[in-house]
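Have a look at the structure below, then the notes.
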Amino acid sequence: MKNKRREFLTNVCPTVALAFVGVTMLEACSSGGEDTIDPGNGGGNNNTNGYTVSGNTVVIDLNHSAFSTLNSNGWMNFTAQKMLLLKIDSSTYRAFTNSCPHQGVRTNWTYNSSQDKFKCGQHNNSYPTDCTTSGTAGGALKCFTTSYSGGKLTVTAS
Ligand code: FES
């Protein structure tokens, strides 16, 4: 039994293995650059992380502590699902890929509320949040479809 377990743990992806030993991971094995939704939330419909994933749709519980930054700062980089979230008002949100249109860097974002632009600090390019206007390099920041109902934000990647 012990050997079988070790064999299992060495053969499966580390995220799955860690999930079995009780470690919560928000990233899945794949780190590809595609803008697909990552099903690796580790919980299916058990909403322990504050969101659920079904196909290319993510449903976010905006009252969950994992998304308190979105409410307090007005935006957040939801790295587990590779998306930027922007709060327009209490029932209107936008979602974007977090892959910078310039060179695809995902983790160097800030948001300038007075200009209503995301800025990628990697090379300091800025991107409007209207889903159509090009930024200073690489085109427009790609939008996802969003809808809001009863404290839940649904994001569909396309
Ligand atoms: S990768 Fe974002 S500005 Fe260059």
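Naming scheme: A, B, ... for chains in displayed order of the structure tokens; residues 1 onward per chain; ligands 1 onward as shown.
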Residues within 6 Å of Tyr51 in chain A, only C-alpha atoms, excluding chain neighbours under 2 positions, as a list in words: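 The residues that qualify are Asn47, Asn49, Val59, Ile60 and Asp61 of chain A.
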Serialized selection, N, CA and C atoms, as a tab-separated table (two decimals), in the first residue's frame:
```tsv
chain	number	residue	atom	x	y	z
A	47	ASN	N	-16.78	25.37	-2.81
A	47	ASN	CA	-16.28	26.70	-3.08
A	47	ASN	C	-15.30	27.19	-2.02
A	49	ASN	N	-12.20	28.05	-2.33
A	49	ASN	CA	-11.30	29.11	-2.78
A	49	ASN	C	-12.05	30.37	-3.17
A	59	VAL	N	-17.04	31.11	-11.82
A	59	VAL	CA	-18.01	31.86	-11.02
A	59	VAL	C	-17.32	32.24	-9.71
A	60	ILE	N	-17.25	33.54	-9.47
A	60	ILE	CA	-16.51	34.09	-8.33
A	60	ILE	C	-17.50	34.58	-7.27
A	61	ASP	N	-17.27	34.15	-6.03
A	61	ASP	CA	-18.05	34.66	-4.90
A	61	ASP	C	-17.37	35.94	-4.42
```
Using only C-alpha atoms and all ligand atoms, what table do you get, as JSON lines, when you list each residue of chain A with an atom no more than 10 Å from ligand 1, its nearest pair of atoms, and their distance in Å rounded to one decimal, rows by chain then rising number?
```
{"residue": "A:Asn98", "atom": "CA", "partner": "ligand 1", "partner_atom_place_in_ligand_line": "2 (Fe)", "distance": 9.7}
{"residue": "A:Ser99", "atom": "CA", "partner": "ligand 1", "partner_atom_place_in_ligand_line": "2 (Fe)", "distance": 7.9}
{"residue": "A:Cys100", "atom": "CA", "partner": "ligand 1", "partner_atom_place_in_ligand_line": "2 (Fe)", "distance": 4.6}
{"residue": "A:Pro101", "atom": "CA", "partner": "ligand 1", "partner_atom_place_in_ligand_line": "2 (Fe)", "distance": 6.6}
{"residue": "A:His102", "atom": "CA", "partner": "ligand 1", "partner_atom_place_in_ligand_line": "4 (Fe)", "distance": 4.6}
{"residue": "A:Gln103", "atom": "CA", "partner": "ligand 1", "partner_atom_place_in_ligand_line": "1 (S)", "distance": 3.9}
{"residue": "A:Gly104", "atom": "CA", "partner": "ligand 1", "partner_atom_place_in_ligand_line": "1 (S)", "distance": 5.2}
{"residue": "A:Val105", "atom": "CA", "partner": "ligand 1", "partner_atom_place_in_ligand_line": "1 (S)", "distance": 4.6}
{"residue": "A:Arg106", "atom": "CA", "partner": "ligand 1", "partner_atom_place_in_ligand_line": "2 (Fe)", "distance": 7.7}
{"residue": "A:Thr107", "atom": "CA", "partner": "ligand 1", "partner_atom_place_in_ligand_line": "2 (Fe)", "distance": 9.0}
{"residue": "A:Asn108", "atom": "CA", "partner": "ligand 1", "partner_atom_place_in_ligand_line": "2 (Fe)", "distance": 7.4}
{"residue": "A:Trp109", "atom": "CA", "partner": "ligand 1", "partner_atom_place_in_ligand_line": "2 (Fe)", "distance": 8.1}
{"residue": "A:Lys119", "atom": "CA", "partner": "ligand 1", "partner_atom_place_in_ligand_line": "3 (S)", "distance": 7.5}
{"residue": "A:Cys120", "atom": "CA", "partner": "ligand 1", "partner_atom_place_in_ligand_line": "2 (Fe)", "distance": 4.5}
{"residue": "A:Gly121", "atom": "CA", "partner": "ligand 1", "partner_atom_place_in_ligand_line": "3 (S)", "distance": 6.1}
{"residue": "A:Gln122", "atom": "CA", "partner": "ligand 1", "partner_atom_place_in_ligand_line": "3 (S)", "distance": 4.8}
{"residue": "A:His123", "atom": "CA", "partner": "ligand 1", "partner_atom_place_in_ligand_line": "3 (S)", "distance": 3.9}
{"residue": "A:Asn124", "atom": "CA", "partner": "ligand 1", "partner_atom_place_in_ligand_line": "3 (S)", "distance": 5.1}
{"residue": "A:Asn125", "atom": "CA", "partner": "ligand 1", "partner_atom_place_in_ligand_line": "3 (S)", "distance": 4.4}
{"residue": "A:Ser126", "atom": "CA", "partner": "ligand 1", "partner_atom_place_in_ligand_line": "3 (S)", "distance": 7.4}
{"residue": "A:Tyr127", "atom": "CA", "partner": "ligand 1", "partner_atom_place_in_ligand_line": "3 (S)", "distance": 9.4}
{"residue": "A:Gly135", "atom": "CA", "partner": "ligand 1", "partner_atom_place_in_ligand_line": "3 (S)", "distance": 9.6}
{"residue": "A:Thr136", "atom": "CA", "partner": "ligand 1", "partner_atom_place_in_ligand_line": "3 (S)", "distance": 8.5}
{"residue": "A:Ala137", "atom": "CA", "partner": "ligand 1", "partner_atom_place_in_ligand_line": "3 (S)", "distance": 7.2}
{"residue": "A:Gly138", "atom": "CA", "partner": "ligand 1", "partner_atom_place_in_ligand_line": "4 (Fe)", "distance": 8.6}
```
Kindly save the residues from that selection, with N, CA and C atoms included, as a short mmCIF file (atom, residue, chain, number, x, y, z; two decimals), in the first residue's frame.
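Saved file part.cif follows:
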```
data_model
loop_
_atom_site.label_atom_id
_atom_site.label_comp_id
_atom_site.auth_asym_id
_atom_site.auth_seq_id
_atom_site.Cartn_x
_atom_site.Cartn_y
_atom_site.Cartn_z
N ASN A 98 -4.61 38.25 -17.96
CA ASN A 98 -3.49 38.93 -17.32
C ASN A 98 -2.21 38.78 -18.12
N SER A 99 -2.35 38.32 -19.36
CA SER A 99 -1.19 38.21 -20.24
C SER A 99 -0.97 39.56 -20.93
N CYS A 100 0.11 40.20 -20.63
CA CYS A 100 0.38 41.53 -21.20
C CYS A 100 0.44 41.44 -22.73
N PRO A 101 -0.29 42.33 -23.42
CA PRO A 101 -0.26 42.29 -24.89
C PRO A 101 1.15 42.49 -25.46
N HIS A 102 2.04 43.05 -24.68
CA HIS A 102 3.39 43.30 -25.20
C HIS A 102 4.18 42.00 -25.30
N GLN A 103 4.49 41.39 -24.17
CA GLN A 103 5.29 40.15 -24.21
C GLN A 103 4.75 39.07 -23.28
N GLY A 104 3.52 39.22 -22.85
CA GLY A 104 2.88 38.12 -22.14
C GLY A 104 3.17 38.01 -20.67
N VAL A 105 3.88 38.97 -20.09
CA VAL A 105 4.14 38.91 -18.65
C VAL A 105 2.82 39.05 -17.89
N ARG A 106 2.64 38.23 -16.85
CA ARG A 106 1.33 38.17 -16.18
C ARG A 106 1.32 38.79 -14.79
N THR A 107 2.45 39.09 -14.24
CA THR A 107 2.50 39.35 -12.79
C THR A 107 3.02 40.73 -12.43
N ASN A 108 3.07 41.65 -13.35
CA ASN A 108 3.68 42.94 -13.05
C ASN A 108 2.68 44.09 -13.26
N TRP A 109 1.42 43.83 -12.93
CA TRP A 109 0.37 44.80 -13.22
C TRP A 109 0.10 45.76 -12.06
N LYS A 119 -1.29 49.12 -16.09
CA LYS A 119 0.09 49.30 -16.55
C LYS A 119 0.89 48.05 -16.22
N CYS A 120 1.63 47.57 -17.21
CA CYS A 120 2.53 46.43 -16.98
C CYS A 120 3.92 47.00 -16.72
N GLY A 121 4.41 46.75 -15.51
CA GLY A 121 5.69 47.32 -15.11
C GLY A 121 6.90 46.68 -15.77
N GLN A 122 6.68 45.61 -16.53
CA GLN A 122 7.82 44.94 -17.15
C GLN A 122 8.55 45.89 -18.10
N HIS A 123 7.77 46.58 -18.94
CA HIS A 123 8.35 47.59 -19.84
C HIS A 123 7.53 48.87 -19.82
N ASN A 124 6.70 48.99 -18.79
CA ASN A 124 5.92 50.22 -18.56
C ASN A 124 4.96 50.58 -19.69
N ASN A 125 4.35 49.59 -20.28
CA ASN A 125 3.27 49.86 -21.23
C ASN A 125 1.94 49.92 -20.50
N SER A 126 1.03 50.75 -21.02
CA SER A 126 -0.28 50.94 -20.40
C SER A 126 -1.39 50.51 -21.34
N TYR A 127 -2.50 50.06 -20.73
CA TYR A 127 -3.60 49.50 -21.52
C TYR A 127 -4.95 50.00 -21.01
N GLY A 135 -3.22 49.56 -26.36
CA GLY A 135 -2.29 50.12 -25.40
C GLY A 135 -1.07 50.65 -26.12
N THR A 136 -0.03 50.92 -25.34
CA THR A 136 1.16 51.53 -25.92
C THR A 136 2.05 50.52 -26.65
N ALA A 137 1.77 49.25 -26.52
CA ALA A 137 2.50 48.22 -27.29
C ALA A 137 1.67 46.95 -27.32
N GLY A 138 1.57 46.34 -28.47
CA GLY A 138 0.99 45.00 -28.57
C GLY A 138 -0.52 44.94 -28.73
#
```
Nearest-residue call for Asp116 in chain A, choices A:Gly139, A:Ile88, A:Asn77, A:Thr97, using only C-alpha atoms: A:Ile88
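Among the candidate residues A:Met83, A:Val53, A:Val155, A:Leu70, the one lying nearest to Lys142 in chain A is A:Met83, with distances computed using only C-alpha atoms.
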Shell of 6 Å around Leu85 in chain A, only C-alpha atoms, local chain residues under 6 positions omitted, as an MDAnalysis selection string: chainID A and resid 75:76 94:95
Could those selected residues go to a file with C-alpha atoms, as a PDB file, in the first residue's frame?
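Wrote selection_11.pdb, looks like this:
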```pdb
ATOM      1  CA  TRP A  75      -8.976  45.624  -9.017  1.00  0.00           C
ATOM      2  CA  MET A  76      -6.889  42.499  -8.546  1.00  0.00           C
ATOM      3  CA  ARG A  94     -14.740  43.603 -16.063  1.00  0.00           C
ATOM      4  CA  ALA A  95     -12.310  40.778 -16.557  1.00  0.00           C
TER       5      ALA A  95
END
```
Point-to-point distance from CA of Leu62 in chain A to CA of Ala140 in chain A, Å rounded to tenths: 26.3 Å
Distance query Asn63 in chain A at most 9 Å, only C-alpha atoms, self and fewer than 5 positions along chain excluded, as a PyMOL selection string: chain A and resi 50+68+71+151-152
